[in-house]
>>> print(open('target_24.cif').read())   # mmCIF, N, CA and C atoms
data_final
#
loop_
_atom_site.label_atom_id
_atom_site.label_comp_id
_atom_site.auth_asym_id
_atom_site.auth_seq_id
_atom_site.Cartn_x
_atom_site.Cartn_y
_atom_site.Cartn_z
N MET M 1 -50.95 10.92 57.76
CA MET M 1 -50.49 9.62 57.28
C MET M 1 -48.98 9.69 57.14
N THR M 2 -48.31 8.70 57.64
CA THR M 2 -46.86 8.68 57.55
C THR M 2 -46.43 8.24 56.16
N GLN M 3 -45.20 8.56 55.84
CA GLN M 3 -44.68 8.14 54.53
C GLN M 3 -44.69 6.63 54.39
N SER M 4 -44.46 5.90 55.50
CA SER M 4 -44.48 4.45 55.40
C SER M 4 -45.88 3.95 55.08
N SER M 5 -46.91 4.61 55.60
CA SER M 5 -48.29 4.22 55.28
C SER M 5 -48.61 4.50 53.82
N VAL M 6 -48.12 5.60 53.31
CA VAL M 6 -48.31 5.93 51.90
C VAL M 6 -47.62 4.86 51.05
N ALA M 7 -46.41 4.51 51.42
CA ALA M 7 -45.67 3.48 50.69
C ALA M 7 -46.39 2.14 50.77
N GLU M 8 -46.97 1.82 51.93
CA GLU M 8 -47.72 0.56 52.09
C GLU M 8 -48.95 0.54 51.18
N LEU M 9 -49.64 1.67 51.11
CA LEU M 9 -50.83 1.75 50.26
C LEU M 9 -50.44 1.57 48.79
N PHE M 10 -49.39 2.25 48.36
CA PHE M 10 -48.95 2.11 46.97
C PHE M 10 -48.49 0.68 46.68
N ALA M 11 -47.79 0.08 47.63
CA ALA M 11 -47.33 -1.31 47.46
C ALA M 11 -48.53 -2.26 47.37
N LEU M 12 -49.55 -2.00 48.18
CA LEU M 12 -50.74 -2.84 48.15
C LEU M 12 -51.46 -2.72 46.81
N LEU M 13 -51.57 -1.50 46.30
CA LEU M 13 -52.21 -1.29 45.00
C LEU M 13 -51.39 -1.94 43.88
N ASP M 14 -50.08 -1.88 43.98
CA ASP M 14 -49.22 -2.54 42.99
C ASP M 14 -49.37 -4.06 43.07
N ALA M 15 -49.49 -4.58 44.29
CA ALA M 15 -49.69 -6.03 44.48
C ALA M 15 -51.04 -6.46 43.90
N GLU M 16 -52.05 -5.63 44.08
CA GLU M 16 -53.37 -5.93 43.52
C GLU M 16 -53.28 -6.00 41.99
N PHE M 17 -52.62 -5.03 41.40
CA PHE M 17 -52.47 -5.00 39.94
C PHE M 17 -51.71 -6.23 39.45
N ALA M 18 -50.64 -6.57 40.13
CA ALA M 18 -49.84 -7.74 39.74
C ALA M 18 -50.66 -9.03 39.87
N ALA M 19 -51.45 -9.14 40.92
CA ALA M 19 -52.27 -10.35 41.11
C ALA M 19 -53.28 -10.50 39.98
N VAL M 20 -53.89 -9.40 39.58
CA VAL M 20 -54.86 -9.45 38.48
C VAL M 20 -54.16 -9.81 37.18
N ARG M 21 -53.05 -9.16 36.90
CA ARG M 21 -52.31 -9.42 35.65
C ARG M 21 -51.82 -10.85 35.56
N GLN M 22 -51.46 -11.44 36.69
CA GLN M 22 -50.93 -12.81 36.71
C GLN M 22 -52.02 -13.85 36.91
N GLY M 23 -53.26 -13.41 37.06
CA GLY M 23 -54.37 -14.34 37.24
C GLY M 23 -54.39 -15.00 38.61
N LYS M 24 -53.76 -14.37 39.59
CA LYS M 24 -53.72 -14.92 40.95
C LYS M 24 -54.86 -14.31 41.77
N PHE M 25 -56.07 -14.66 41.38
CA PHE M 25 -57.26 -14.04 41.96
C PHE M 25 -57.46 -14.41 43.43
N THR M 26 -56.90 -15.52 43.87
CA THR M 26 -57.03 -15.89 45.28
C THR M 26 -56.32 -14.90 46.19
N GLN M 27 -55.33 -14.20 45.67
CA GLN M 27 -54.61 -13.20 46.46
C GLN M 27 -55.45 -11.93 46.70
N LEU M 28 -56.45 -11.72 45.87
CA LEU M 28 -57.25 -10.50 45.97
C LEU M 28 -58.03 -10.43 47.28
N ASP M 29 -58.43 -11.56 47.82
CA ASP M 29 -59.18 -11.56 49.07
C ASP M 29 -58.36 -10.92 50.19
N GLU M 30 -57.11 -11.31 50.30
CA GLU M 30 -56.23 -10.74 51.34
C GLU M 30 -55.98 -9.25 51.07
N ILE M 31 -55.78 -8.91 49.83
CA ILE M 31 -55.53 -7.51 49.47
C ILE M 31 -56.75 -6.66 49.80
N LEU M 32 -57.92 -7.16 49.45
CA LEU M 32 -59.15 -6.41 49.71
C LEU M 32 -59.43 -6.24 51.20
N SER M 33 -58.97 -7.16 52.01
CA SER M 33 -59.17 -7.02 53.46
C SER M 33 -58.25 -5.94 54.04
N GLN M 34 -57.12 -5.70 53.41
CA GLN M 34 -56.17 -4.69 53.89
C GLN M 34 -56.48 -3.29 53.39
N LYS M 35 -57.15 -3.20 52.25
CA LYS M 35 -57.40 -1.91 51.62
C LYS M 35 -58.15 -0.93 52.51
N PRO M 36 -59.26 -1.32 53.14
CA PRO M 36 -60.01 -0.33 53.94
C PRO M 36 -59.18 0.29 55.06
N ILE M 37 -58.32 -0.49 55.65
CA ILE M 37 -57.48 0.03 56.75
C ILE M 37 -56.59 1.15 56.24
N LEU M 38 -55.93 0.89 55.12
CA LEU M 38 -55.03 1.91 54.57
C LEU M 38 -55.81 3.09 54.00
N LEU M 39 -56.96 2.83 53.40
CA LEU M 39 -57.75 3.93 52.85
C LEU M 39 -58.32 4.82 53.95
N ASP M 40 -58.65 4.22 55.09
CA ASP M 40 -59.10 5.03 56.23
C ASP M 40 -57.99 5.96 56.70
N ALA M 41 -56.78 5.48 56.68
CA ALA M 41 -55.64 6.32 57.07
C ALA M 41 -55.47 7.48 56.08
N VAL M 42 -55.73 7.22 54.82
CA VAL M 42 -55.65 8.28 53.81
C VAL M 42 -56.71 9.35 54.10
N ALA M 43 -57.91 8.90 54.42
CA ALA M 43 -58.99 9.85 54.68
C ALA M 43 -58.73 10.69 55.94
N ALA M 44 -58.02 10.11 56.90
CA ALA M 44 -57.76 10.81 58.16
C ALA M 44 -56.66 11.87 58.04
N ASN M 45 -55.75 11.67 57.13
CA ASN M 45 -54.62 12.59 56.97
C ASN M 45 -54.44 12.92 55.50
N PRO M 46 -54.41 14.19 55.18
CA PRO M 46 -54.32 14.58 53.77
C PRO M 46 -52.99 14.15 53.13
N LEU M 47 -53.10 13.81 51.87
CA LEU M 47 -51.91 13.44 51.07
C LEU M 47 -51.39 14.67 50.34
N SER M 48 -50.14 14.61 49.96
CA SER M 48 -49.60 15.67 49.10
C SER M 48 -50.27 15.55 47.73
N THR M 49 -50.21 16.62 46.98
CA THR M 49 -50.80 16.61 45.64
C THR M 49 -50.18 15.52 44.78
N GLN M 50 -48.88 15.36 44.88
CA GLN M 50 -48.19 14.32 44.10
C GLN M 50 -48.68 12.93 44.49
N ASP M 51 -48.83 12.68 45.78
CA ASP M 51 -49.32 11.38 46.24
C ASP M 51 -50.78 11.16 45.84
N GLN M 52 -51.58 12.22 45.83
CA GLN M 52 -52.97 12.10 45.39
C GLN M 52 -53.02 11.66 43.92
N ILE M 53 -52.17 12.27 43.12
CA ILE M 53 -52.12 11.93 41.70
C ILE M 53 -51.67 10.48 41.52
N ARG M 54 -50.64 10.08 42.25
CA ARG M 54 -50.14 8.70 42.16
C ARG M 54 -51.21 7.71 42.61
N LEU M 55 -51.94 8.05 43.65
CA LEU M 55 -53.01 7.18 44.14
C LEU M 55 -54.11 7.04 43.10
N GLN M 56 -54.51 8.16 42.52
CA GLN M 56 -55.56 8.13 41.50
C GLN M 56 -55.12 7.32 40.28
N GLN M 57 -53.86 7.49 39.87
CA GLN M 57 -53.36 6.74 38.71
C GLN M 57 -53.39 5.23 38.98
N ARG M 58 -52.99 4.84 40.16
CA ARG M 58 -53.00 3.41 40.50
C ARG M 58 -54.43 2.88 40.59
N ALA M 59 -55.31 3.67 41.18
CA ALA M 59 -56.70 3.24 41.31
C ALA M 59 -57.35 3.07 39.94
N VAL M 60 -57.12 4.01 39.04
CA VAL M 60 -57.68 3.92 37.68
C VAL M 60 -57.09 2.72 36.94
N ARG M 61 -55.79 2.53 37.08
CA ARG M 61 -55.11 1.39 36.45
C ARG M 61 -55.69 0.07 36.95
N ASN M 62 -55.84 -0.05 38.27
CA ASN M 62 -56.36 -1.28 38.85
C ASN M 62 -57.81 -1.52 38.46
N GLN M 63 -58.59 -0.46 38.43
CA GLN M 63 -59.98 -0.59 38.03
C GLN M 63 -60.08 -1.12 36.60
N ALA M 64 -59.26 -0.60 35.70
CA ALA M 64 -59.26 -1.07 34.31
C ALA M 64 -58.83 -2.53 34.23
N ALA M 65 -57.82 -2.91 35.01
CA ALA M 65 -57.35 -4.30 35.00
C ALA M 65 -58.41 -5.24 35.54
N LEU M 66 -59.09 -4.84 36.62
CA LEU M 66 -60.15 -5.67 37.19
C LEU M 66 -61.33 -5.80 36.23
N LYS M 67 -61.66 -4.72 35.56
CA LYS M 67 -62.75 -4.75 34.59
C LYS M 67 -62.40 -5.69 33.43
N ALA M 68 -61.19 -5.58 32.92
CA ALA M 68 -60.76 -6.45 31.82
C ALA M 68 -60.73 -7.92 32.25
N ALA M 69 -60.28 -8.18 33.46
CA ALA M 69 -60.24 -9.55 33.96
C ALA M 69 -61.66 -10.10 34.09
N GLY M 70 -62.58 -9.29 34.58
CA GLY M 70 -63.97 -9.71 34.69
C GLY M 70 -64.58 -10.02 33.34
N GLU M 71 -64.29 -9.17 32.35
CA GLU M 71 -64.79 -9.42 31.00
C GLU M 71 -64.19 -10.70 30.41
N GLY M 72 -62.92 -10.93 30.68
CA GLY M 72 -62.29 -12.15 30.21
C GLY M 72 -62.89 -13.39 30.84
N ILE M 73 -63.16 -13.32 32.12
CA ILE M 73 -63.77 -14.46 32.82
C ILE M 73 -65.18 -14.71 32.28
N ARG M 74 -65.95 -13.65 32.08
CA ARG M 74 -67.29 -13.82 31.51
C ARG M 74 -67.22 -14.44 30.11
N SER M 75 -66.24 -14.03 29.33
CA SER M 75 -66.07 -14.58 27.98
C SER M 75 -65.76 -16.07 28.03
N VAL M 76 -64.89 -16.46 28.94
CA VAL M 76 -64.54 -17.88 29.10
C VAL M 76 -65.77 -18.67 29.54
N LEU M 77 -66.53 -18.15 30.48
CA LEU M 77 -67.73 -18.84 30.95
C LEU M 77 -68.74 -19.02 29.82
N THR M 78 -68.88 -18.00 28.99
CA THR M 78 -69.79 -18.09 27.84
C THR M 78 -69.31 -19.17 26.87
N ARG M 79 -68.02 -19.17 26.61
CA ARG M 79 -67.46 -20.17 25.69
C ARG M 79 -67.63 -21.59 26.24
N LEU M 80 -67.39 -21.77 27.53
CA LEU M 80 -67.57 -23.09 28.15
C LEU M 80 -69.02 -23.54 28.08
N ALA M 81 -69.95 -22.61 28.29
CA ALA M 81 -71.37 -22.95 28.19
C ALA M 81 -71.72 -23.37 26.76
N ASP M 82 -71.16 -22.67 25.78
CA ASP M 82 -71.37 -23.04 24.38
C ASP M 82 -70.84 -24.43 24.09
N LEU M 83 -69.66 -24.73 24.59
CA LEU M 83 -69.07 -26.05 24.37
C LEU M 83 -69.91 -27.15 25.03
N ARG M 84 -70.40 -26.89 26.24
CA ARG M 84 -71.25 -27.87 26.92
C ARG M 84 -72.52 -28.12 26.13
N ARG M 85 -73.09 -27.05 25.61
CA ARG M 85 -74.31 -27.16 24.82
C ARG M 85 -74.06 -27.99 23.57
N LEU M 86 -72.90 -27.84 22.95
CA LEU M 86 -72.58 -28.57 21.72
C LEU M 86 -72.23 -30.03 21.97
N GLN M 87 -71.94 -30.38 23.21
CA GLN M 87 -71.64 -31.78 23.51
C GLN M 87 -72.84 -32.68 23.22
N GLY M 88 -74.02 -32.13 23.29
CA GLY M 88 -75.23 -32.91 23.00
C GLY M 88 -75.59 -32.89 21.53
N GLY M 89 -74.77 -32.30 20.70
CA GLY M 89 -75.06 -32.19 19.27
C GLY M 89 -75.35 -30.74 18.92
N ALA M 90 -75.48 -30.51 17.65
CA ALA M 90 -75.75 -29.16 17.18
C ALA M 90 -76.98 -29.18 16.29
N ASP M 91 -77.78 -28.14 16.37
CA ASP M 91 -78.97 -28.01 15.53
C ASP M 91 -78.67 -27.08 14.38
N PHE M 92 -79.29 -27.37 13.24
CA PHE M 92 -79.19 -26.47 12.09
C PHE M 92 -80.47 -26.65 11.28
N TYR M 93 -80.68 -25.78 10.33
CA TYR M 93 -81.85 -25.86 9.46
C TYR M 93 -81.40 -26.31 8.08
N ALA M 94 -82.03 -27.36 7.60
CA ALA M 94 -81.69 -27.93 6.29
C ALA M 94 -82.32 -27.07 5.19
N ALA M 95 -82.00 -27.39 3.95
CA ALA M 95 -82.50 -26.63 2.81
C ALA M 95 -84.03 -26.65 2.75
N ASP M 96 -84.64 -27.72 3.25
CA ASP M 96 -86.10 -27.79 3.24
C ASP M 96 -86.74 -27.01 4.38
N GLY M 97 -85.94 -26.36 5.22
CA GLY M 97 -86.45 -25.54 6.30
C GLY M 97 -86.69 -26.29 7.60
N ARG M 98 -86.42 -27.58 7.58
CA ARG M 98 -86.62 -28.38 8.79
C ARG M 98 -85.37 -28.33 9.67
N ARG M 99 -85.64 -28.38 10.95
CA ARG M 99 -84.54 -28.38 11.92
C ARG M 99 -83.95 -29.78 12.01
N LYS M 100 -82.62 -29.85 11.95
CA LYS M 100 -81.91 -31.11 12.03
C LYS M 100 -80.92 -31.04 13.19
N THR M 101 -80.64 -32.19 13.78
CA THR M 101 -79.65 -32.27 14.85
C THR M 101 -78.52 -33.16 14.39
N VAL M 102 -77.30 -32.66 14.57
CA VAL M 102 -76.11 -33.44 14.24
C VAL M 102 -75.59 -34.00 15.56
N ALA M 103 -75.42 -35.31 15.60
CA ALA M 103 -74.90 -35.94 16.81
C ALA M 103 -73.46 -35.51 17.03
N PRO M 104 -73.04 -35.43 18.27
CA PRO M 104 -71.67 -35.02 18.55
C PRO M 104 -70.69 -36.08 18.06
N HIS M 105 -69.54 -35.63 17.62
CA HIS M 105 -68.47 -36.54 17.20
C HIS M 105 -67.68 -36.95 18.44
N ILE M 106 -67.55 -38.24 18.63
CA ILE M 106 -66.79 -38.75 19.76
C ILE M 106 -65.51 -39.34 19.22
N ARG M 107 -64.39 -38.85 19.69
CA ARG M 107 -63.10 -39.35 19.20
C ARG M 107 -62.94 -40.83 19.47
N GLY M 108 -62.34 -41.48 18.51
CA GLY M 108 -62.05 -42.90 18.68
C GLY M 108 -63.17 -43.80 18.18
N THR M 109 -64.25 -43.24 17.70
CA THR M 109 -65.34 -44.05 17.16
C THR M 109 -65.51 -43.76 15.69
N ARG M 110 -66.07 -44.70 14.99
CA ARG M 110 -66.33 -44.51 13.56
C ARG M 110 -67.82 -44.66 13.32
N ALA M 111 -68.30 -43.93 12.35
CA ALA M 111 -69.72 -44.00 12.00
C ALA M 111 -70.02 -45.21 11.16
#
>>> encode(input="target_24.cif", output="structure tokens")
Amino acid sequence: MTQSSVAELFALLDAEFAAVRQGKFTQLDEILSQKPILLDAVAANPLSTQDQIRLQQRAVRNQAALKAAGEGIRSVLTRLADLRRLQGGADFYAADGRRKTVAPHIRGTRA
């Protein structure tokens, strides 16, 4: 692997990390299409120990960022589902043990 290919791989991993951090998830499709090409080049030609360490550090960093982004997206989806469910009102149990439904409050209207 040439030094320029190593630099391209590191730049691609840095771009992936930046895209995740900035929430530019549409850029990940292009990045993911380029990754196998560069990773195949890594497999074909051994890297120096220093480059192996740098590659592993970037891969671990990106994996953590992608995992955190996924958890954040799942959290938002859960919250949105909760809000949609509450649009129809909320249920609670009264002191007598019966289930009651509170109608949703609509702004601009009075009871």
>>> residues_around(input="target_24.cif", residues="M:Leu39", least_positions_apart="5", cutoff="7 Å", atoms="all atoms listed in the file", output="short mmCIF file (atom, residue, chain, number, x, y, z; two decimals) with N, CA and C atoms, in the coordinates of the input")
data_model
loop_
_atom_site.label_atom_id
_atom_site.label_comp_id
_atom_site.auth_asym_id
_atom_site.auth_seq_id
_atom_site.Cartn_x
_atom_site.Cartn_y
_atom_site.Cartn_z
N LEU M 9 -49.64 1.67 51.11
CA LEU M 9 -50.83 1.75 50.26
C LEU M 9 -50.44 1.57 48.79
N GLN M 34 -57.12 -5.70 53.41
CA GLN M 34 -56.17 -4.69 53.89
C GLN M 34 -56.48 -3.29 53.39
N ALA M 44 -58.02 10.11 56.90
CA ALA M 44 -57.76 10.81 58.16
C ALA M 44 -56.66 11.87 58.04
#
>>> resolve_selection(input="target_24.cif", expression="the PyMOL selection byres ((chain M and resi 88) around 6.5)", output="list of chain:residue names")
M:Arg84, M:Arg85, M:Leu86, M:Gln87, M:Gly89, M:Ala90, M:Val102, M:Ala103, M:Pro104
>>> atom_distance(input="target_24.cif", atom1="atom CA of M:Leu13", atom2="atom C of M:Asn62")
8.6 Å
>>> atom_distance(input="target_24.cif", atom1="atom CA of M:Arg21", atom2="atom CA of M:Ala65")
7.2 Å
>>> residues_around(input="target_24.cif", residues="M:Gln63", least_positions_apart="6", cutoff="8 Å", atoms="only N, CA and C atoms", output="VMD selection string")
chain M and resid 17 57 69
>>> closest_residue(input="target_24.cif", among="M:Ala15, M:Val6, M:Ile53, M:Ile73", to="M:Ile37", atoms="only C-alpha atoms")
M:Val6
